[in-house]
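Novice: Contents of query-v5.csv (CSV, C-alpha atoms and all ligand atoms):
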```csv
chain,number,residue,atom,x,y,z
A,1,MET,CA,-57.2,-41.7,-60.2
A,2,THR,CA,-60.1,-43.5,-61.9
A,3,ASN,CA,-60.5,-47.2,-62.3
A,4,GLU,CA,-59.5,-46.9,-65.9
A,5,LYS,CA,-56.3,-45.1,-65.1
A,6,ALA,CA,-55.4,-47.5,-62.3
A,7,VAL,CA,-55.9,-50.5,-64.6
A,8,GLU,CA,-53.7,-48.9,-67.3
A,9,LEU,CA,-51.0,-48.1,-64.7
A,10,GLY,CA,-51.2,-51.6,-63.2
A,11,ARG,CA,-50.9,-53.2,-66.6
A,12,ARG,CA,-47.8,-51.1,-67.3
A,13,VAL,CA,-45.8,-51.2,-64.0
A,14,LEU,CA,-46.8,-54.4,-62.2
A,15,THR,CA,-45.6,-57.9,-63.0
A,16,PRO,CA,-48.6,-59.6,-64.7
A,17,ASN,CA,-48.9,-62.5,-62.2
A,18,TYR,CA,-52.4,-61.6,-60.9
A,19,LYS,CA,-55.7,-61.7,-62.9
A,20,GLN,CA,-57.1,-58.5,-61.5
A,21,GLN,CA,-60.7,-57.4,-61.8
A,22,PRO,CA,-60.7,-54.0,-63.6
A,23,ILE,CA,-61.3,-51.9,-60.5
A,24,ALA,CA,-59.1,-50.3,-57.8
A,25,LEU,CA,-60.5,-50.3,-54.3
A,26,VAL,CA,-59.9,-47.1,-52.4
A,27,ARG,CA,-62.0,-47.4,-49.3
A,28,GLY,CA,-63.6,-50.0,-47.1
A,29,GLU,CA,-66.0,-49.9,-44.1
A,30,GLY,CA,-67.4,-53.1,-42.6
A,31,THR,CA,-68.7,-55.3,-45.4
A,32,ARG,CA,-68.7,-52.5,-48.0
A,33,VAL,CA,-65.9,-51.3,-50.2
A,34,TRP,CA,-65.7,-48.4,-52.7
A,35,ASP,CA,-63.7,-48.2,-56.0
A,36,ALA,CA,-61.8,-45.3,-57.5
A,37,ASP,CA,-64.9,-44.2,-59.5
A,38,GLY,CA,-67.0,-44.0,-56.3
A,39,ARG,CA,-68.9,-47.3,-56.9
A,40,ARG,CA,-69.9,-49.3,-53.8
A,41,TYR,CA,-69.7,-53.1,-53.5
A,42,LEU,CA,-70.8,-55.7,-51.0
A,43,ASP,CA,-67.5,-57.5,-50.1
A,44,MET,CA,-68.4,-61.1,-49.5
A,45,LEU,CA,-64.8,-62.0,-49.6
A,46,ALA,CA,-63.6,-59.8,-46.7
A,47,GLY,CA,-60.3,-58.8,-48.4
A,48,ILE,CA,-59.5,-62.4,-49.2
A,49,ALA,CA,-60.7,-64.1,-46.0
A,50,THR,CA,-58.4,-61.6,-44.2
A,51,CYS,CA,-60.7,-58.7,-43.0
A,52,ALA,CA,-62.7,-61.1,-40.7
A,53,LEU,CA,-64.0,-58.2,-38.6
A,54,GLY,CA,-64.8,-56.2,-41.8
A,55,HIS,CA,-62.8,-53.3,-43.2
A,56,CYS,CA,-61.3,-50.6,-40.9
A,57,HIS,CA,-62.8,-52.2,-37.8
A,58,PRO,CA,-62.6,-49.4,-35.1
A,59,ALA,CA,-61.1,-51.6,-32.4
A,60,VAL,CA,-58.3,-52.9,-34.7
A,61,LEU,CA,-57.7,-49.4,-36.1
A,62,ALA,CA,-57.4,-47.9,-32.6
A,63,ALA,CA,-55.0,-50.7,-31.4
A,64,ALA,CA,-52.7,-50.2,-34.5
A,65,GLN,CA,-52.8,-46.5,-34.3
A,66,ALA,CA,-52.0,-46.5,-30.6
A,67,GLN,CA,-49.0,-48.8,-31.3
A,68,LEU,CA,-47.8,-46.6,-34.2
A,69,HIS,CA,-47.4,-43.8,-31.6
A,70,ARG,CA,-45.3,-46.0,-29.4
A,71,ILE,CA,-42.9,-48.1,-31.4
A,72,TRP,CA,-43.1,-49.5,-35.0
A,73,HIS,CA,-40.3,-52.0,-35.0
A,74,ALA,CA,-37.4,-53.4,-33.1
A,75,SER,CA,-34.9,-56.2,-33.8
A,76,ASN,CA,-35.8,-59.6,-32.6
A,77,GLY,CA,-32.6,-59.3,-30.5
A,78,VAL,CA,-35.0,-57.7,-27.9
A,79,TYR,CA,-38.6,-58.4,-26.8
A,80,THR,CA,-41.5,-56.1,-27.7
A,81,LEU,CA,-44.6,-56.2,-25.7
A,82,PRO,CA,-47.4,-56.7,-28.3
A,83,SER,CA,-45.7,-59.9,-29.7
A,84,LEU,CA,-45.4,-61.3,-26.1
A,85,GLN,CA,-49.0,-60.4,-25.4
A,86,LEU,CA,-50.2,-61.9,-28.7
A,87,ALA,CA,-48.3,-65.1,-28.2
A,88,GLU,CA,-49.8,-65.4,-24.8
A,89,ALA,CA,-53.3,-64.7,-26.2
A,90,LEU,CA,-52.8,-67.4,-28.9
A,91,VAL,CA,-51.5,-69.9,-26.4
A,92,ARG,CA,-54.5,-69.3,-24.1
A,93,ARG,CA,-56.9,-69.9,-27.0
A,94,SER,CA,-55.2,-73.0,-28.5
A,95,PHE,CA,-53.4,-76.3,-27.9
A,96,ALA,CA,-50.1,-74.6,-28.4
A,97,LYS,CA,-47.4,-73.6,-26.0
A,98,ARG,CA,-44.9,-71.9,-28.3
A,99,VAL,CA,-45.4,-69.3,-31.1
A,100,PHE,CA,-43.2,-68.1,-33.9
A,101,PHE,CA,-44.2,-64.9,-35.8
A,102,CYS,CA,-43.7,-64.1,-39.4
A,103,ASN,CA,-45.5,-62.1,-42.1
A,104,SER,CA,-47.6,-64.5,-44.3
A,105,GLY,CA,-49.2,-67.9,-44.6
A,106,ALA,CA,-46.4,-69.2,-46.8
A,107,GLU,CA,-43.8,-68.1,-44.3
A,108,ALA,CA,-45.7,-69.7,-41.5
A,109,ASN,CA,-45.7,-73.0,-43.5
A,110,GLU,CA,-42.0,-72.6,-44.2
A,111,ALA,CA,-41.4,-72.3,-40.4
A,112,ALA,CA,-43.6,-75.4,-39.8
A,113,LEU,CA,-41.7,-77.4,-42.4
A,114,LYS,CA,-38.3,-76.4,-40.9
A,115,LEU,CA,-39.6,-77.1,-37.4
A,116,ALA,CA,-40.8,-80.6,-38.3
A,117,ARG,CA,-37.4,-81.5,-39.6
A,118,ARG,CA,-35.6,-79.9,-36.8
A,119,PHE,CA,-37.8,-81.7,-34.3
A,120,HIS,CA,-36.8,-85.1,-35.6
A,121,PHE,CA,-33.1,-84.1,-36.0
A,122,ALA,CA,-33.1,-83.0,-32.3
A,123,ASN,CA,-34.8,-86.2,-31.3
A,124,GLY,CA,-32.3,-88.6,-33.0
A,125,ALA,CA,-34.2,-89.3,-36.2
A,126,PRO,CA,-32.5,-87.1,-38.8
A,127,GLU,CA,-33.7,-89.5,-41.6
A,128,ARG,CA,-37.3,-88.2,-41.0
A,129,VAL,CA,-37.4,-85.5,-43.7
A,130,GLU,CA,-40.4,-86.4,-45.9
A,131,VAL,CA,-43.6,-84.3,-45.7
A,132,VAL,CA,-46.8,-85.9,-46.8
A,133,CYS,CA,-49.4,-83.5,-48.3
A,134,ALA,CA,-52.7,-83.7,-50.2
A,135,ASN,CA,-53.6,-83.3,-53.8
A,136,GLY,CA,-55.5,-80.1,-54.4
A,137,SER,CA,-53.9,-78.4,-51.3
A,138,PHE,CA,-52.6,-74.9,-51.2
A,139,HIS,CA,-49.8,-73.9,-48.8
A,140,GLY,CA,-48.3,-70.8,-50.4
A,141,ARG,CA,-45.8,-69.7,-53.2
A,142,THR,CA,-42.4,-69.8,-51.6
A,143,LEU,CA,-40.4,-72.8,-52.8
A,144,GLY,CA,-41.0,-75.1,-49.8
A,145,ALA,CA,-44.7,-74.2,-49.5
A,146,LEU,CA,-45.0,-74.6,-53.2
A,147,ALA,CA,-43.5,-78.0,-53.1
A,148,ALA,CA,-46.0,-78.9,-50.5
A,149,THR,CA,-48.9,-77.5,-52.6
A,150,GLY,CA,-50.7,-80.3,-54.4
A,151,GLN,CA,-51.6,-78.3,-57.5
A,152,PRO,CA,-49.1,-78.8,-60.4
A,153,LYS,CA,-50.4,-75.7,-62.3
A,154,TYR,CA,-48.7,-73.5,-59.7
A,155,GLN,CA,-45.4,-75.3,-60.1
A,156,GLN,CA,-45.0,-75.2,-63.9
A,157,GLY,CA,-41.7,-73.8,-65.0
A,158,ILE,CA,-40.6,-73.1,-61.4
A,159,GLY,CA,-38.7,-76.3,-60.5
A,160,PRO,CA,-36.6,-77.9,-59.4
A,161,LEU,CA,-38.6,-77.7,-56.2
A,162,PRO,CA,-37.2,-79.0,-52.9
A,163,PRO,CA,-37.5,-82.8,-52.8
A,164,ALA,CA,-39.1,-85.1,-50.2
A,165,PHE,CA,-42.7,-83.9,-50.6
A,166,VAL,CA,-45.2,-86.7,-51.2
A,167,HIS,CA,-48.8,-86.2,-52.3
A,168,VAL,CA,-51.8,-88.4,-51.6
A,169,PRO,CA,-55.5,-87.9,-52.4
A,170,PHE,CA,-57.3,-85.7,-49.9
A,171,GLY,CA,-59.9,-87.2,-47.6
A,172,ASP,CA,-58.8,-90.9,-47.9
A,173,LEU,CA,-56.9,-92.6,-45.1
A,174,ALA,CA,-55.8,-95.7,-47.1
A,175,PRO,CA,-53.2,-93.9,-49.4
A,176,LEU,CA,-52.1,-91.8,-46.4
A,177,ARG,CA,-51.4,-95.0,-44.5
A,178,ALA,CA,-49.3,-96.2,-47.4
A,179,ALA,CA,-47.3,-93.0,-47.6
A,180,VAL,CA,-46.5,-92.3,-43.9
A,181,GLY,CA,-43.5,-94.3,-42.8
A,182,PRO,CA,-40.1,-94.2,-41.0
A,183,LYS,CA,-38.9,-91.3,-43.2
A,184,THR,CA,-41.9,-89.1,-42.6
A,185,ALA,CA,-41.3,-85.9,-40.7
A,186,ALA,CA,-44.8,-84.6,-40.9
A,187,VAL,CA,-48.2,-84.7,-42.5
A,188,LEU,CA,-49.3,-81.2,-43.7
A,189,LEU,CA,-53.0,-80.7,-44.3
A,190,GLU,CA,-55.7,-78.1,-44.5
A,191,ILE,CA,-59.0,-79.1,-42.7
A,192,ILE,CA,-60.9,-77.4,-45.6
A,193,GLN,CA,-59.0,-77.0,-48.8
A,194,GLY,CA,-59.9,-73.3,-49.5
A,195,GLU,CA,-58.0,-72.5,-52.7
A,196,GLY,CA,-58.6,-76.1,-53.9
A,197,GLY,CA,-62.3,-75.4,-54.2
A,198,VAL,CA,-63.6,-75.3,-50.6
A,199,ARG,CA,-63.3,-79.0,-50.1
A,200,VAL,CA,-64.2,-80.1,-46.6
A,201,ALA,CA,-62.3,-83.1,-45.1
A,202,PRO,CA,-64.9,-86.0,-44.7
A,203,PRO,CA,-66.0,-86.9,-41.2
A,204,GLY,CA,-63.4,-88.8,-39.2
A,205,TYR,CA,-60.6,-88.1,-41.7
A,206,ILE,CA,-58.7,-85.6,-39.6
A,207,ALA,CA,-59.0,-87.7,-36.4
A,208,GLY,CA,-57.7,-90.6,-38.5
A,209,VAL,CA,-54.7,-88.5,-39.6
A,210,ARG,CA,-54.0,-87.6,-36.0
A,211,ARG,CA,-54.1,-91.3,-35.0
A,212,LEU,CA,-51.9,-92.4,-37.9
A,213,CYS,CA,-49.3,-89.7,-37.1
A,214,ASP,CA,-49.1,-90.8,-33.5
A,215,GLU,CA,-48.8,-94.5,-34.5
A,216,ARG,CA,-46.0,-93.8,-37.0
A,217,GLY,CA,-44.1,-91.1,-35.0
A,218,ALA,CA,-44.8,-88.3,-37.5
A,219,LEU,CA,-46.0,-84.8,-36.6
A,220,TRP,CA,-49.3,-83.4,-37.9
A,221,ILE,CA,-49.2,-79.8,-39.2
A,222,ALA,CA,-52.6,-78.2,-39.6
A,223,ASP,CA,-52.5,-75.4,-42.1
A,224,GLU,CA,-55.2,-73.1,-40.7
A,225,VAL,CA,-54.0,-70.0,-42.7
A,226,GLN,CA,-57.5,-69.7,-44.2
A,227,THR,CA,-59.7,-71.7,-41.8
A,228,GLY,CA,-58.3,-70.1,-38.6
A,229,MET,CA,-59.4,-67.1,-36.6
A,230,GLY,CA,-63.1,-68.1,-36.5
A,231,ARG,CA,-63.8,-68.5,-40.2
A,232,THR,CA,-65.5,-71.9,-39.8
A,233,GLY,CA,-67.4,-71.0,-36.6
A,234,THR,CA,-64.8,-72.1,-34.1
A,235,LEU,CA,-61.6,-70.2,-33.5
A,236,TRP,CA,-59.7,-73.1,-35.2
A,237,ALA,CA,-61.3,-75.5,-37.6
A,238,HIS,CA,-59.6,-78.5,-36.1
A,239,GLU,CA,-61.6,-77.9,-32.9
A,240,GLN,CA,-64.6,-79.4,-34.7
A,241,GLU,CA,-62.6,-82.6,-35.4
A,242,GLY,CA,-62.0,-83.4,-31.7
A,243,VAL,CA,-58.2,-83.5,-32.1
A,244,THR,CA,-55.3,-81.1,-31.9
A,245,PRO,CA,-52.2,-80.8,-34.2
A,246,ASP,CA,-48.6,-80.7,-33.2
A,247,ILE,CA,-48.1,-77.6,-35.3
A,248,MET,CA,-50.6,-75.1,-36.7
A,249,THR,CA,-50.1,-72.2,-39.1
A,250,VAL,CA,-52.2,-69.1,-39.1
A,251,ALA,CA,-52.1,-65.9,-41.2
A,252,LYS,CA,-54.8,-64.1,-43.3
A,253,ALA,CA,-57.3,-62.9,-40.7
A,254,LEU,CA,-54.9,-62.8,-37.7
A,255,ALA,CA,-54.5,-59.1,-37.8
A,256,ASN,CA,-57.6,-58.4,-39.9
A,257,GLY,CA,-55.7,-57.9,-43.1
A,258,LEU,CA,-52.4,-56.4,-41.8
A,259,PRO,CA,-49.5,-58.7,-42.8
A,260,ILE,CA,-48.8,-61.3,-40.2
A,261,GLY,CA,-48.3,-65.0,-39.9
A,262,ALA,CA,-47.8,-67.3,-37.0
A,263,MET,CA,-46.7,-70.8,-36.4
A,264,LEU,CA,-48.0,-72.4,-33.2
A,265,ALA,CA,-46.6,-75.5,-31.7
A,266,THR,CA,-46.8,-77.8,-28.7
A,267,GLU,CA,-44.1,-77.5,-26.1
A,268,LYS,CA,-42.4,-80.6,-27.2
A,269,ALA,CA,-42.2,-79.6,-30.9
A,270,GLY,CA,-41.8,-75.9,-30.4
A,271,VAL,CA,-38.6,-76.0,-28.4
A,272,ALA,CA,-36.8,-77.7,-31.3
A,273,LEU,CA,-36.5,-74.3,-33.0
A,274,THR,CA,-33.4,-73.5,-31.0
A,275,PRO,CA,-31.4,-70.2,-31.2
A,276,GLY,CA,-30.3,-69.4,-34.7
A,277,THR,CA,-32.4,-72.0,-36.5
A,278,HIS,CA,-35.0,-69.6,-37.8
A,279,ALA,CA,-35.8,-65.9,-37.9
A,280,SER,CA,-37.8,-63.1,-39.6
A,281,THR,CA,-36.9,-59.4,-39.5
A,282,PHE,CA,-40.5,-58.2,-39.4
A,283,GLY,CA,-41.8,-61.3,-37.5
A,284,GLY,CA,-43.6,-60.1,-34.3
A,285,ASN,CA,-44.0,-56.6,-35.6
A,286,PRO,CA,-45.5,-54.5,-32.8
A,287,VAL,CA,-48.1,-52.8,-34.9
A,288,THR,CA,-49.5,-55.9,-36.5
A,289,CYS,CA,-49.3,-57.8,-33.2
A,290,ALA,CA,-51.2,-55.0,-31.4
A,291,ALA,CA,-53.9,-55.3,-34.2
A,292,ALA,CA,-54.1,-59.1,-33.8
A,293,ILE,CA,-54.7,-58.8,-30.1
A,294,ALA,CA,-57.6,-56.5,-30.8
A,295,VAL,CA,-58.9,-59.0,-33.3
A,296,LEU,CA,-58.9,-61.8,-30.8
A,297,GLU,CA,-60.5,-59.6,-28.1
A,298,THR,CA,-63.2,-58.4,-30.5
A,299,ILE,CA,-64.1,-62.0,-31.6
A,300,ASP,CA,-64.6,-62.8,-27.9
A,301,ARG,CA,-66.3,-59.6,-26.9
A,302,GLU,CA,-68.7,-59.4,-29.8
A,303,GLY,CA,-69.6,-63.2,-29.8
A,304,LEU,CA,-68.4,-63.6,-33.4
A,305,LEU,CA,-68.0,-67.4,-33.3
A,306,PRO,CA,-71.7,-68.1,-32.7
A,307,ALA,CA,-72.5,-65.2,-35.0
A,308,CYS,CA,-70.3,-66.9,-37.7
A,309,ARG,CA,-72.0,-70.2,-37.3
A,310,GLU,CA,-75.5,-68.7,-37.5
A,311,ALA,CA,-74.6,-66.5,-40.5
A,312,GLY,CA,-72.9,-69.5,-42.2
A,313,GLU,CA,-76.1,-71.5,-41.8
A,314,HIS,CA,-78.1,-68.7,-43.4
A,315,LEU,CA,-75.7,-68.3,-46.2
A,316,LYS,CA,-75.7,-72.0,-47.0
A,317,ALA,CA,-79.5,-72.1,-46.8
A,318,ARG,CA,-79.8,-69.2,-49.2
A,319,LEU,CA,-77.3,-70.7,-51.7
A,320,ILE,CA,-78.9,-74.2,-51.5
A,321,ASP,CA,-82.3,-72.5,-52.1
A,322,LEU,CA,-80.7,-70.7,-55.2
A,323,LYS,CA,-79.3,-74.1,-56.4
A,324,GLU,CA,-82.8,-75.5,-56.5
A,325,ARG,CA,-84.2,-72.4,-58.3
A,326,VAL,CA,-81.5,-72.1,-61.1
A,327,GLY,CA,-82.0,-75.6,-62.4
A,328,GLY,CA,-78.7,-77.2,-63.2
A,329,ARG,CA,-76.4,-74.2,-63.0
A,330,ILE,CA,-75.1,-75.0,-59.5
A,331,ALA,CA,-73.7,-78.4,-58.9
A,332,ASP,CA,-72.9,-78.1,-55.2
A,333,VAL,CA,-72.9,-75.8,-52.2
A,334,ARG,CA,-70.4,-76.7,-49.5
A,335,GLY,CA,-68.3,-75.4,-46.7
A,336,ARG,CA,-68.4,-74.7,-43.0
A,337,GLY,CA,-69.2,-71.5,-41.1
A,338,LEU,CA,-68.5,-68.5,-43.4
A,339,LEU,CA,-66.2,-70.4,-45.8
A,340,VAL,CA,-68.6,-71.5,-48.5
A,341,GLY,CA,-68.0,-72.6,-52.0
A,342,VAL,CA,-70.6,-72.7,-54.8
A,343,GLU,CA,-69.6,-75.1,-57.5
A,344,LEU,CA,-71.1,-74.3,-60.9
A,345,THR,CA,-71.6,-76.7,-63.8
A,346,SER,CA,-69.6,-74.2,-65.9
A,347,GLU,CA,-66.6,-71.9,-65.5
A,348,ALA,CA,-67.1,-69.6,-62.6
A,349,ALA,CA,-64.9,-66.6,-63.8
A,350,PRO,CA,-67.5,-65.0,-66.0
A,351,VAL,CA,-70.2,-65.2,-63.2
A,352,ILE,CA,-67.7,-63.7,-60.7
A,353,ALA,CA,-67.1,-60.8,-63.2
A,354,ARG,CA,-70.9,-60.3,-63.6
A,355,CYS,CA,-71.3,-60.3,-59.8
A,356,ARG,CA,-68.7,-57.5,-59.6
A,357,GLU,CA,-70.6,-55.5,-62.3
A,358,LEU,CA,-73.7,-55.9,-60.1
A,359,GLY,CA,-71.9,-54.7,-57.0
A,360,LEU,CA,-70.9,-58.0,-55.3
A,361,ILE,CA,-67.3,-59.1,-54.6
A,362,VAL,CA,-66.6,-62.9,-54.4
A,363,ASN,CA,-63.8,-64.9,-56.0
A,364,LEU,CA,-62.6,-68.0,-57.7
A,365,ALA,CA,-61.5,-71.0,-55.7
A,366,SER,CA,-60.6,-73.4,-58.6
A,367,GLU,CA,-62.1,-73.3,-62.0
A,368,LYS,CA,-65.8,-73.8,-61.3
A,369,VAL,CA,-66.1,-72.7,-57.7
A,370,ILE,CA,-67.2,-69.3,-56.4
A,371,ARG,CA,-65.9,-68.6,-52.9
A,372,PHE,CA,-67.8,-66.7,-50.2
A,373,ALA,CA,-65.7,-65.7,-47.2
A,374,PRO,CA,-67.4,-62.6,-45.8
A,375,ALA,CA,-66.7,-60.8,-42.5
A,376,LEU,CA,-67.8,-62.8,-39.5
A,377,LEU,CA,-70.2,-59.9,-38.6
A,378,VAL,CA,-72.0,-60.0,-42.0
A,379,THR,CA,-75.8,-59.6,-41.5
A,380,ARG,CA,-78.7,-61.7,-42.8
A,381,ALA,CA,-79.8,-58.8,-45.0
A,382,GLU,CA,-76.4,-58.6,-46.6
A,383,ILE,CA,-76.4,-62.4,-47.2
A,384,ASP,CA,-79.8,-62.1,-48.8
A,385,GLU,CA,-78.5,-59.3,-51.0
A,386,ALA,CA,-75.5,-61.3,-52.0
A,387,ALA,CA,-77.7,-64.4,-52.9
A,388,SER,CA,-80.0,-62.2,-55.0
A,389,ILE,CA,-77.1,-60.6,-56.9
A,390,LEU,CA,-75.6,-64.1,-57.6
A,391,ALA,CA,-79.0,-65.2,-58.9
A,392,ARG,CA,-79.1,-62.2,-61.3
A,393,ALA,CA,-75.4,-62.9,-62.3
A,394,LEU,CA,-76.4,-66.5,-63.1
A,395,GLU,CA,-79.1,-65.2,-65.4
A,396,GLY,CA,-76.4,-63.6,-67.6
B,401,LIG,C1,-54.4,-72.7,-46.6
B,401,LIG,C2,-53.4,-71.7,-47.1
B,401,LIG,N1,-52.1,-71.8,-46.8
B,401,LIG,C3,-51.2,-70.9,-47.1
B,401,LIG,C4,-51.6,-69.8,-47.9
B,401,LIG,C5,-50.5,-68.8,-48.3
B,401,LIG,O1,-50.7,-67.6,-47.6
B,401,LIG,P1,-49.9,-66.3,-48.1
B,401,LIG,O2,-50.6,-65.9,-49.4
B,401,LIG,O3,-50.2,-65.3,-47.0
B,401,LIG,O4,-48.5,-66.6,-48.2
B,401,LIG,C6,-52.9,-69.6,-48.2
B,401,LIG,C7,-53.3,-68.5,-49.1
B,401,LIG,O5,-54.4,-68.4,-49.6
B,401,LIG,C8,-53.9,-70.6,-47.8
B,401,LIG,O6,-55.2,-70.5,-48.2
```
Go through the file and emit its structure as structure tokens.
Specialist:
Amino acid sequence: MTNEKAVELGRRVLTPNYKQQPIALVRGEGTRVWDADGRRYLDMLAGIATCALGHCHPAVLAAAQAQLHRIWHASNGVYTLPSLQLAEALVRRSFAKRVFFCNSGAEANEAALKLARRFHFANGAPERVEVVCANGSFHGRTLGALAATGQPKYQQGIGPLPPAFVHVPFGDLAPLRAAVGPKTAAVLLEIIQGEGGVRVAPPGYIAGVRRLCDERGALWIADEVQTGMGRTGTLWAHEQEGVTPDIMTVAKALANGLPIGAMLATEKAGVALTPGTHASTFGGNPVTCAAAIAVLETIDREGLLPACREAGEHLKARLIDLKERVGGRIADVRGRGLLVGVELTSEAAPVIARCRELGLIVNLASEKVIRFAPALLVTRAEIDEAASILARALEG
């Protein structure tokens, strides 16, 4: 099937909820992907911040394949070994003591929202049901996660949404102080707002959120769906803030692009999810869990956290250099590790389309922002190649 045929078929049989680029990808290897016409691209988006070890990484492939030969699925009425081993691996590498598995970021956030309310219910404060979130945030498309999302454009025509979600400006502690009170179950925040335009929390903000939650008896939920698994140069972005959350949600890169989500919690919070209070048929799937274990081991073995920090510095330096050269076209370059946004002074969509025509895949993170989220093992030469394609795309 050619790109043209794939586009024609997609327009006919899929719901039109995505704005797809007019290509179908058929193969990927490392940082490169190929479309149905045989054209090769540099993928500086790594799926969509999912394939953090690059496409078809051999260690992940081998782990998933081996598990496919053992057992694919079992009911959560029994244990399976990969989910136990993955939970243990996550606990070993985080603040958490308890893990719940699901299949996506939105589902992980739903689990976190339910756990926050269950926690207060179990601890004699059933009136604590409100969740305070940030303007510009993105937490997923299910109704609860969508109610938490601070971007009205995603909510239009979909309400009524679940009540008791309060939104405050991101990065400012004063309005948060006014919003968190005796009815607050939790504060739910990203450390870097990825979909909201790669907006990094200002220094001290996250530590202030932690302190405020402790003072007022609310839980802090860190949505690390996009920032987790090494994307910002540490395994979890909150490590760079010097504080730990009560609950953290993870998905995207956890199994390098295979569908999985996880909610991690402290012992005190986690045990509130008592038998029967939550479940997921595919949660803890043996194949995706086996893949995720391989991802964590590969990050350790190949030193991908320092590699990410170094590559991130190089990417930012190249983009800042470009900003200076293209006089006025780029308003800002920001981000951490390998989650970097380039804010243009005009709409970003046409530039992204031009990049794709020139062989580079990046995407839109709010109207004027181009997002770079390449594999953690991206090379300096590939970063240079991406920067020079973006330079050409900006020329027209
Ligand atoms: C921070 C954050 N939370 C939640 C989600 C939703 O994840 P999913 O699309 O897997 O439901 C996303 C997806 O982009 C995200 O960036």
Novice: What does the structure give for the distance between CA of Pro203 (chain A) and CA of Gln240 (chain A), in Å to one decimal?
Specialist: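 About the pair CA of Pro203 (chain A) and CA of Gln240 (chain A): they are 10.0 Å apart.
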Novice: Enumerate as a PyMOL selection string the residues within 9 Å of ligand LIG 401 (chain B), counting all atoms listed in the file.
Specialist: chain A and resi 48-49+103-109+137-142+145+149+189-196+223-227+249-252+259-261
Novice: Using all atoms listed in the file, find the one residue out of A:Val168, A:Val91, A:Met263, A:Leu45 that sits nearest to Val340 (chain A).
Specialist: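 Of A:Val168, A:Val91, A:Met263, A:Leu45, the one nearest Val340 (chain A) is A:Leu45, counting all atoms listed in the file.
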Novice: State, in Å with one decimal place, the distance from CA of Ala373 (chain A) to CA of Ile23 (chain A).
Specialist: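 Interatomic distance here is 19.7 Å.
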Novice: Could you list, as a PDB file with C-alpha atoms, in the frame of the given file, every residue within 9 Å of Leu161 (chain A), counting all atoms listed in the file and ignoring same-chain residues fewer than 5 positions away?
Specialist:
```pdb
ATOM      1  CA  LEU A 143     -40.400 -72.800 -52.800  1.00  0.00           C
ATOM      2  CA  GLY A 144     -41.000 -75.100 -49.800  1.00  0.00           C
ATOM      3  CA  LEU A 146     -45.000 -74.600 -53.200  1.00  0.00           C
ATOM      4  CA  ALA A 147     -43.500 -78.000 -53.100  1.00  0.00           C
ATOM      5  CA  GLN A 155     -45.400 -75.300 -60.100  1.00  0.00           C
TER       6      GLN A 155
END
```
Novice: For each of A:Ile330, A:Ala387, A:Ala294, A:Ala89, take the minimum atom-to-atom distance to Leu358 (chain A), counting all atoms listed in the file, then give the residue where this is smallest.
Specialist: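 Looking only at the distances to Leu358 (chain A), the closest residue turns out to be A:Ala387.
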Novice: State, in Å with one decimal place, the distance from CA of Pro202 (chain A) to CA of Phe170 (chain A).
Specialist: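 CA of Pro202 (chain A) sits 9.2 Å away from CA of Phe170 (chain A).
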Novice: Just checking: using all atoms listed in the file, which residue out of A:Met229, A:Ala291, A:Ile320, A:Leu113 ends up closest to Ala62 (chain A)?
Specialist: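 The shortest atom-to-atom distance to Ala62 (chain A) comes from A:Ala291.
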Novice: When distances are computed from all atoms listed in the file, which of A:Val295, A:Val378, A:Ala179, A:Leu81 shows the smallest separation from Gly257 (chain A)?
Specialist: A:Val295
Novice: In the coordinates of the file, take the point (-67.7, -47.0, -49.0) and a cut-off of 9 Å; then, counting all atoms listed in the file, name each qualifying protein, DNA or RNA residue as a PyMOL selection string.
Specialist: chain A and resi 26-30+32-35+38-41
Novice: Smallest atom-to-atom distance to Glu324 (chain A): which of A:Trp220, A:Ala391, A:Gln85, A:Gln20, using only C-alpha atoms?
Specialist: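 Among A:Trp220, A:Ala391, A:Gln85, A:Gln20, it is A:Ala391 that comes nearest to Glu324 (chain A).
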Novice: Skipping near chain neighbours, those fewer than 6 positions away, what residues fall within 12 Å of Lys19 (chain A) using only C-alpha atoms, listed as a VMD selection string?
Specialist: chain A and resid 7 10 to 11 349 353 363 to 364
Novice: Compare A:Ala87, A:Leu377, A:Ala74, A:Leu14 by their minimum atom-to-atom distance to Thr281 (chain A), counting only C-alpha atoms, and give me the closest one.
Specialist: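 Smallest separation from Thr281 (chain A) among the options: A:Ala74.
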Novice: Counting only C-alpha atoms, select every polymer residue within 12 Å of (-77.4, -58.8, -39.3) as defined in the file's coordinates, and provide the selection as a PyMOL selection string.
Specialist: chain A and resi 30-31+304+307-308+310-312+314-315+375-385
Novice: With N, CA and C atoms as the goal, would you fill in the gaps in region 192-196 of chain A and present it as a compact mmCIF listing (two decimals), in the coordinates of the input?
Specialist:
```
# COMPACT_ATOMS: atom_id res chain seq x y z
N ILE A 192 -60.07 -77.69 -44.38
CA ILE A 192 -60.90 -77.40 -45.60
C ILE A 192 -59.94 -76.90 -46.63
N GLN A 193 -59.90 -77.51 -47.79
CA GLN A 193 -59.00 -77.00 -48.80
C GLN A 193 -59.71 -75.75 -49.45
N GLY A 194 -59.22 -74.59 -49.06
CA GLY A 194 -59.90 -73.30 -49.50
C GLY A 194 -59.60 -73.04 -50.95
N GLU A 195 -58.34 -72.84 -51.29
CA GLU A 195 -58.00 -72.50 -52.70
C GLU A 195 -58.28 -73.67 -53.62
N GLY A 196 -58.31 -74.86 -53.07
CA GLY A 196 -58.60 -76.10 -53.90
C GLY A 196 -60.04 -76.26 -54.20
```
